[in-house]
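Raw query_35.cif, mmCIF, C-alpha atoms:
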```cif
data_input
#
loop_
_atom_site.group_PDB
_atom_site.id
_atom_site.type_symbol
_atom_site.label_atom_id
_atom_site.label_comp_id
_atom_site.auth_asym_id
_atom_site.auth_seq_id
_atom_site.Cartn_x
_atom_site.Cartn_y
_atom_site.Cartn_z
ATOM 1 C CA MET A 1 -13.552 25.525 12.084
ATOM 2 C CA SER A 2 -15.003 23.235 14.664
ATOM 3 C CA PRO A 3 -12.883 20.502 16.234
ATOM 4 C CA HIS A 4 -15.275 17.885 14.847
ATOM 5 C CA TYR A 5 -14.754 19.160 11.299
ATOM 6 C CA ARG A 6 -10.967 19.057 11.703
ATOM 7 C CA ALA A 7 -11.127 15.521 13.100
ATOM 8 C CA THR A 8 -13.314 14.432 10.185
ATOM 9 C CA GLN A 9 -10.901 15.986 7.689
ATOM 10 C CA ALA A 10 -7.880 14.426 9.402
ATOM 11 C CA GLY A 11 -9.580 11.030 9.368
ATOM 12 C CA ARG A 12 -10.368 11.360 5.677
ATOM 13 C CA ILE A 13 -6.796 12.338 4.868
ATOM 14 C CA ILE A 14 -5.412 9.346 6.770
ATOM 15 C CA ALA A 15 -7.873 6.992 5.044
ATOM 16 C CA VAL A 16 -6.990 8.387 1.601
ATOM 17 C CA ILE A 17 -3.261 8.047 2.267
ATOM 18 C CA ALA A 18 -3.767 4.416 3.344
ATOM 19 C CA ASP A 19 -5.855 3.780 0.208
ATOM 20 C CA VAL A 20 -3.204 5.290 -2.071
ATOM 21 C CA MET A 21 -0.464 3.225 -0.432
ATOM 22 C CA ALA A 22 -2.498 0.031 -0.841
ATOM 23 C CA PHE A 23 -3.340 0.972 -4.435
ATOM 24 C CA ILE A 24 0.332 1.396 -5.337
ATOM 25 C CA LEU A 25 1.168 -1.976 -3.778
ATOM 26 C CA GLY A 26 -1.741 -3.643 -5.567
ATOM 27 C CA LEU A 27 -0.757 -2.010 -8.838
ATOM 28 C CA TRP A 28 2.775 -3.350 -8.509
ATOM 29 C CA ILE A 29 1.442 -6.863 -7.828
ATOM 30 C CA LEU A 30 -0.698 -6.624 -10.963
ATOM 31 C CA MET A 31 2.194 -5.270 -13.037
ATOM 32 C CA TYR A 32 4.459 -8.050 -11.789
ATOM 33 C CA LEU A 33 1.923 -10.770 -12.556
ATOM 34 C CA LEU A 34 1.286 -9.322 -16.028
ATOM 35 C CA ASP A 35 5.049 -9.081 -16.641
ATOM 36 C CA ALA A 36 5.091 -5.322 -17.206
ATOM 37 C CA ASN A 37 8.080 -3.822 -18.997
ATOM 38 C CA ARG A 38 10.498 -2.929 -16.210
ATOM 39 C CA ALA A 39 12.411 -0.588 -18.501
ATOM 40 C CA ASN A 40 9.344 1.683 -18.590
ATOM 41 C CA ASP A 41 9.728 4.714 -16.315
ATOM 42 C CA PHE A 42 6.193 4.439 -14.890
ATOM 43 C CA VAL A 43 6.613 0.749 -14.095
ATOM 44 C CA GLN A 44 9.973 1.480 -12.474
ATOM 45 C CA PHE A 45 8.451 4.292 -10.401
ATOM 46 C CA ILE A 46 5.635 2.033 -9.166
ATOM 47 C CA HIS A 47 8.133 -0.749 -8.392
ATOM 48 C CA ASP A 48 10.463 1.564 -6.471
ATOM 49 C CA THR A 49 7.596 3.093 -4.511
ATOM 50 C CA ALA A 50 6.036 -0.296 -3.737
ATOM 51 C CA ARG A 51 9.387 -1.699 -2.665
ATOM 52 C CA TRP A 52 9.866 1.239 -0.297
ATOM 53 C CA LEU A 53 6.335 0.886 1.107
ATOM 54 C CA ALA A 54 6.739 -2.859 1.592
ATOM 55 C CA GLY A 55 10.315 -2.723 2.833
ATOM 56 C CA TRP A 56 9.303 -4.359 6.100
ATOM 57 C CA SER A 57 7.384 -7.204 4.412
ATOM 58 C CA HIS A 58 9.410 -7.632 1.226
ATOM 59 C CA ASP A 59 10.738 -11.204 1.059
ATOM 60 C CA LEU A 60 9.105 -11.987 4.402
ATOM 61 C CA PHE A 61 7.830 -15.244 2.941
ATOM 62 C CA THR A 62 10.088 -17.841 1.332
ATOM 63 C CA PHE A 63 7.851 -19.480 -1.246
ATOM 64 C CA ASP A 64 9.646 -21.265 -4.065
ATOM 65 C CA GLU A 65 7.804 -19.299 -6.728
ATOM 66 C CA ALA A 66 8.760 -15.639 -7.137
ATOM 67 C CA TRP A 67 5.185 -14.610 -7.966
ATOM 68 C CA ALA A 68 3.963 -16.080 -4.661
ATOM 69 C CA ARG A 69 6.584 -14.098 -2.726
ATOM 70 C CA VAL A 70 5.540 -10.886 -4.485
ATOM 71 C CA VAL A 71 1.825 -11.460 -3.910
ATOM 72 C CA ALA A 72 2.296 -12.458 -0.257
ATOM 73 C CA GLY A 73 4.879 -9.818 0.682
ATOM 74 C CA TYR A 74 3.395 -6.829 -1.097
ATOM 75 C CA GLY A 75 -0.170 -8.009 -0.502
ATOM 76 C CA LEU A 76 0.436 -8.266 3.240
ATOM 77 C CA ALA A 77 1.767 -4.708 3.297
ATOM 78 C CA ALA A 78 -1.289 -3.461 1.371
ATOM 79 C CA VAL A 79 -3.703 -5.170 3.761
ATOM 80 C CA VAL A 80 -1.857 -3.883 6.829
ATOM 81 C CA TYR A 81 -1.844 -0.320 5.504
ATOM 82 C CA LEU A 82 -5.566 -0.511 4.765
ATOM 83 C CA LEU A 83 -6.465 -2.005 8.141
ATOM 84 C CA VAL A 84 -4.252 0.266 10.223
ATOM 85 C CA GLY A 85 -4.998 3.411 8.215
ATOM 86 C CA HIS A 86 -8.749 2.942 8.340
ATOM 87 C CA ALA A 87 -8.665 1.918 12.005
ATOM 88 C CA ILE A 88 -6.832 5.150 12.855
ATOM 89 C CA ALA A 89 -9.229 7.159 10.666
ATOM 90 C CA ASN A 90 -12.261 5.591 12.358
ATOM 91 C CA ARG A 91 -10.775 6.300 15.788
ATOM 92 C CA ILE A 92 -10.284 9.947 14.829
ATOM 93 C CA TYR A 93 -13.839 10.156 13.443
ATOM 94 C CA ARG A 94 -15.248 9.054 16.809
ATOM 95 C CA HIS A 95 -13.403 11.742 18.793
#
```

Translate the structure of the given file into structure tokens.
Amino acid sequence: MSPHYRATQAGRIIAVIADVMAFILGLWILMYLLDANRANDFVQFIHDTARWLAGWSHDLFTFDEAWARVVAGYGLAAVVYLLVGHAIANRIYRH
């Protein structure tokens, strides 16, 4: 395997991981806004995972409405993961 191939693969893996993290956060935002059944195991799994991923940005904003806090806190985490993950992947692609 050439070093360029390994760098390309590593960049793709990092980009996919960032995409999956952002997808989970976005899915939780959608489930929250649609008032998904929190007793459902899948909904609980997505909520727990999203809360862990957004631990640093959860309740960062103090809007009066709960939905605004969820969208801002989890949405910020999703955007940061996408930007940072793809920036790292692009940097790896170039080298």

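Taking only C-alpha atoms into account, Tyr81 (chain A) lies nearest to A:Ala54 out of the set A:Ala54, A:Ala36, A:Ala10, A:Met31.
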
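Of the residues listed (A:Ala87, A:Val16, A:Ala39, A:Ile29), A:Ile29 shows the shortest atom-to-atom separation from Arg69 (chain A); distances use all atoms listed in the file.
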
- Query: On this structure, which residues satisfy the PyMOL selection byres ((chain A and resi 28) around 8), written as a PyMOL selection string?
  - Reply: chain A and resi 24-27+29-32+43+46-47+50

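Counting all atoms listed in the file, the residue from A:Asn37, A:Thr49, A:Asn90, A:Trp67 that sits nearest to Phe23 (chain A) is A:Thr49.
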
- Task: Calculate how many Å separate CA of Ile88 (chain A) from CA of Gly73 (chain A), rounding to one decimal.
- Result: 22.6 Å

- Using the chain letters and numbers from the file, give me the residues hit by the PyMOL selection byres ((chain A and resi 76) around 10), as a PyMOL selection string. chain A and resi 22+25+54+57-58+60+70-75+77-82

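Interatomic distance, CA of Trp56 (chain A) to CA of Val20 (chain A): 17.8 Å.
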
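In this structure, CA of Asp64 (chain A) sits 28.1 Å away from CA of Phe42 (chain A).
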
Report as a PDB file with C-alpha atoms, in the frame of the given file the residues that result from applying the PyMOL selection byres ((chain A and resi 11) around 6) to the structure here.
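Final file, out_2.pdb:
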```pdb
ATOM      1  CA  THR A   8     -13.314  14.432  10.185  1.00  0.00           C
ATOM      2  CA  GLN A   9     -10.901  15.986   7.689  1.00  0.00           C
ATOM      3  CA  ALA A  10      -7.880  14.426   9.402  1.00  0.00           C
ATOM      4  CA  ARG A  12     -10.368  11.360   5.677  1.00  0.00           C
ATOM      5  CA  ILE A  13      -6.796  12.338   4.868  1.00  0.00           C
ATOM      6  CA  ILE A  14      -5.412   9.346   6.770  1.00  0.00           C
ATOM      7  CA  ALA A  89      -9.229   7.159  10.666  1.00  0.00           C
ATOM      8  CA  ILE A  92     -10.284   9.947  14.829  1.00  0.00           C
ATOM      9  CA  TYR A  93     -13.839  10.156  13.443  1.00  0.00           C
TER      10      TYR A  93
END
```

Box for region 25-41 of chain A: with edges along x, y and z, all listed atoms inside and 8 Å added on each side, what are the centre and edge lengths in Å to one decimal, as lines of an AutoDock Vina configuration file?
```
center_x = 5.3
center_y = -3.0
center_z = -11.4
size_x = 30.2
size_y = 31.5
size_z = 31.2
```

Please rebuild region 82-93 of chain A with all heavy atoms and give the result as a CSV table (one decimal), in the coordinates of the input.
```
chain,number,residue,atom,x,y,z
A,82,LEU,N,-4.1,-0.8,4.8
A,82,LEU,CA,-5.6,-0.5,4.8
A,82,LEU,C,-6.2,-0.7,6.1
A,82,LEU,O,-7.0,0.2,6.6
A,82,LEU,CB,-6.3,-1.5,3.8
A,82,LEU,CG,-6.2,-1.1,2.3
A,82,LEU,CD1,-6.8,-2.2,1.5
A,82,LEU,CD2,-6.8,0.2,2.0
A,83,LEU,N,-5.9,-1.8,6.8
A,83,LEU,CA,-6.5,-2.0,8.1
A,83,LEU,C,-6.0,-1.0,9.2
A,83,LEU,O,-6.9,-0.4,9.9
A,83,LEU,CB,-6.1,-3.4,8.6
A,83,LEU,CG,-6.7,-4.6,7.9
A,83,LEU,CD1,-6.2,-5.9,8.4
A,83,LEU,CD2,-8.2,-4.5,8.0
A,84,VAL,N,-4.8,-0.7,9.2
A,84,VAL,CA,-4.3,0.3,10.2
A,84,VAL,C,-4.7,1.7,9.9
A,84,VAL,O,-5.2,2.4,10.8
A,84,VAL,CB,-2.7,0.2,10.3
A,84,VAL,CG1,-2.2,1.3,11.2
A,84,VAL,CG2,-2.3,-1.2,10.9
A,85,GLY,N,-4.6,2.1,8.6
A,85,GLY,CA,-5.0,3.4,8.2
A,85,GLY,C,-6.5,3.7,8.5
A,85,GLY,O,-6.8,4.7,9.0
A,86,HIS,N,-7.3,2.7,8.1
A,86,HIS,CA,-8.7,2.9,8.3
A,86,HIS,C,-9.1,2.8,9.8
A,86,HIS,O,-10.1,3.5,10.3
A,86,HIS,CB,-9.6,2.0,7.5
A,86,HIS,CG,-9.6,2.5,6.0
A,86,HIS,ND1,-10.6,3.3,5.5
A,86,HIS,CD2,-8.7,2.2,5.0
A,86,HIS,CE1,-10.3,3.5,4.3
A,86,HIS,NE2,-9.2,2.9,3.9
A,87,ALA,N,-8.4,2.0,10.6
A,87,ALA,CA,-8.7,1.9,12.0
A,87,ALA,C,-8.3,3.2,12.7
A,87,ALA,O,-9.1,3.7,13.5
A,87,ALA,CB,-7.9,0.8,12.6
A,88,ILE,N,-7.2,3.8,12.3
A,88,ILE,CA,-6.8,5.2,12.9
A,88,ILE,C,-7.8,6.2,12.4
A,88,ILE,O,-8.3,7.0,13.2
A,88,ILE,CB,-5.4,5.5,12.4
A,88,ILE,CG1,-4.4,4.6,13.1
A,88,ILE,CG2,-5.1,7.0,12.8
A,88,ILE,CD1,-3.0,4.8,12.5
A,89,ALA,N,-8.3,6.2,11.2
A,89,ALA,CA,-9.2,7.2,10.7
A,89,ALA,C,-10.6,7.0,11.4
A,89,ALA,O,-11.2,8.0,11.8
A,89,ALA,CB,-9.4,7.0,9.2
A,90,ASN,N,-11.0,5.8,11.6
A,90,ASN,CA,-12.3,5.6,12.4
A,90,ASN,C,-12.1,6.1,13.8
A,90,ASN,O,-13.1,6.6,14.4
A,90,ASN,CB,-12.7,4.1,12.3
A,90,ASN,CG,-13.2,3.7,11.0
A,90,ASN,OD1,-13.7,4.6,10.2
A,90,ASN,ND2,-13.1,2.5,10.6
A,91,ARG,N,-11.0,5.8,14.4
A,91,ARG,CA,-10.8,6.3,15.8
A,91,ARG,C,-10.8,7.8,15.9
A,91,ARG,O,-11.4,8.4,16.8
A,91,ARG,CB,-9.4,5.8,16.3
A,91,ARG,CG,-9.1,6.1,17.6
A,91,ARG,CD,-9.6,5.0,18.5
A,91,ARG,NE,-9.0,5.2,19.9
A,91,ARG,CZ,-9.6,5.1,21.0
A,91,ARG,NH1,-10.9,4.7,20.9
A,91,ARG,NH2,-9.0,5.3,22.1
A,92,ILE,N,-10.3,8.5,14.9
A,92,ILE,CA,-10.3,9.9,14.8
A,92,ILE,C,-11.7,10.4,14.6
A,92,ILE,O,-12.1,11.4,15.2
A,92,ILE,CB,-9.3,10.5,13.8
A,92,ILE,CG1,-7.9,10.2,14.2
A,92,ILE,CG2,-9.5,12.0,13.5
A,92,ILE,CD1,-6.8,10.5,13.1
A,93,TYR,N,-12.5,9.8,13.7
A,93,TYR,CA,-13.8,10.2,13.4
A,93,TYR,C,-14.7,10.2,14.7
A,93,TYR,O,-15.5,11.0,14.9
A,93,TYR,CB,-14.5,9.2,12.5
A,93,TYR,CG,-14.1,9.3,11.0
A,93,TYR,CD1,-14.1,8.2,10.2
A,93,TYR,CD2,-13.7,10.5,10.5
A,93,TYR,CE1,-13.7,8.2,8.9
A,93,TYR,CE2,-13.4,10.6,9.1
A,93,TYR,CZ,-13.3,9.4,8.4
A,93,TYR,OH,-13.0,9.5,7.1
```
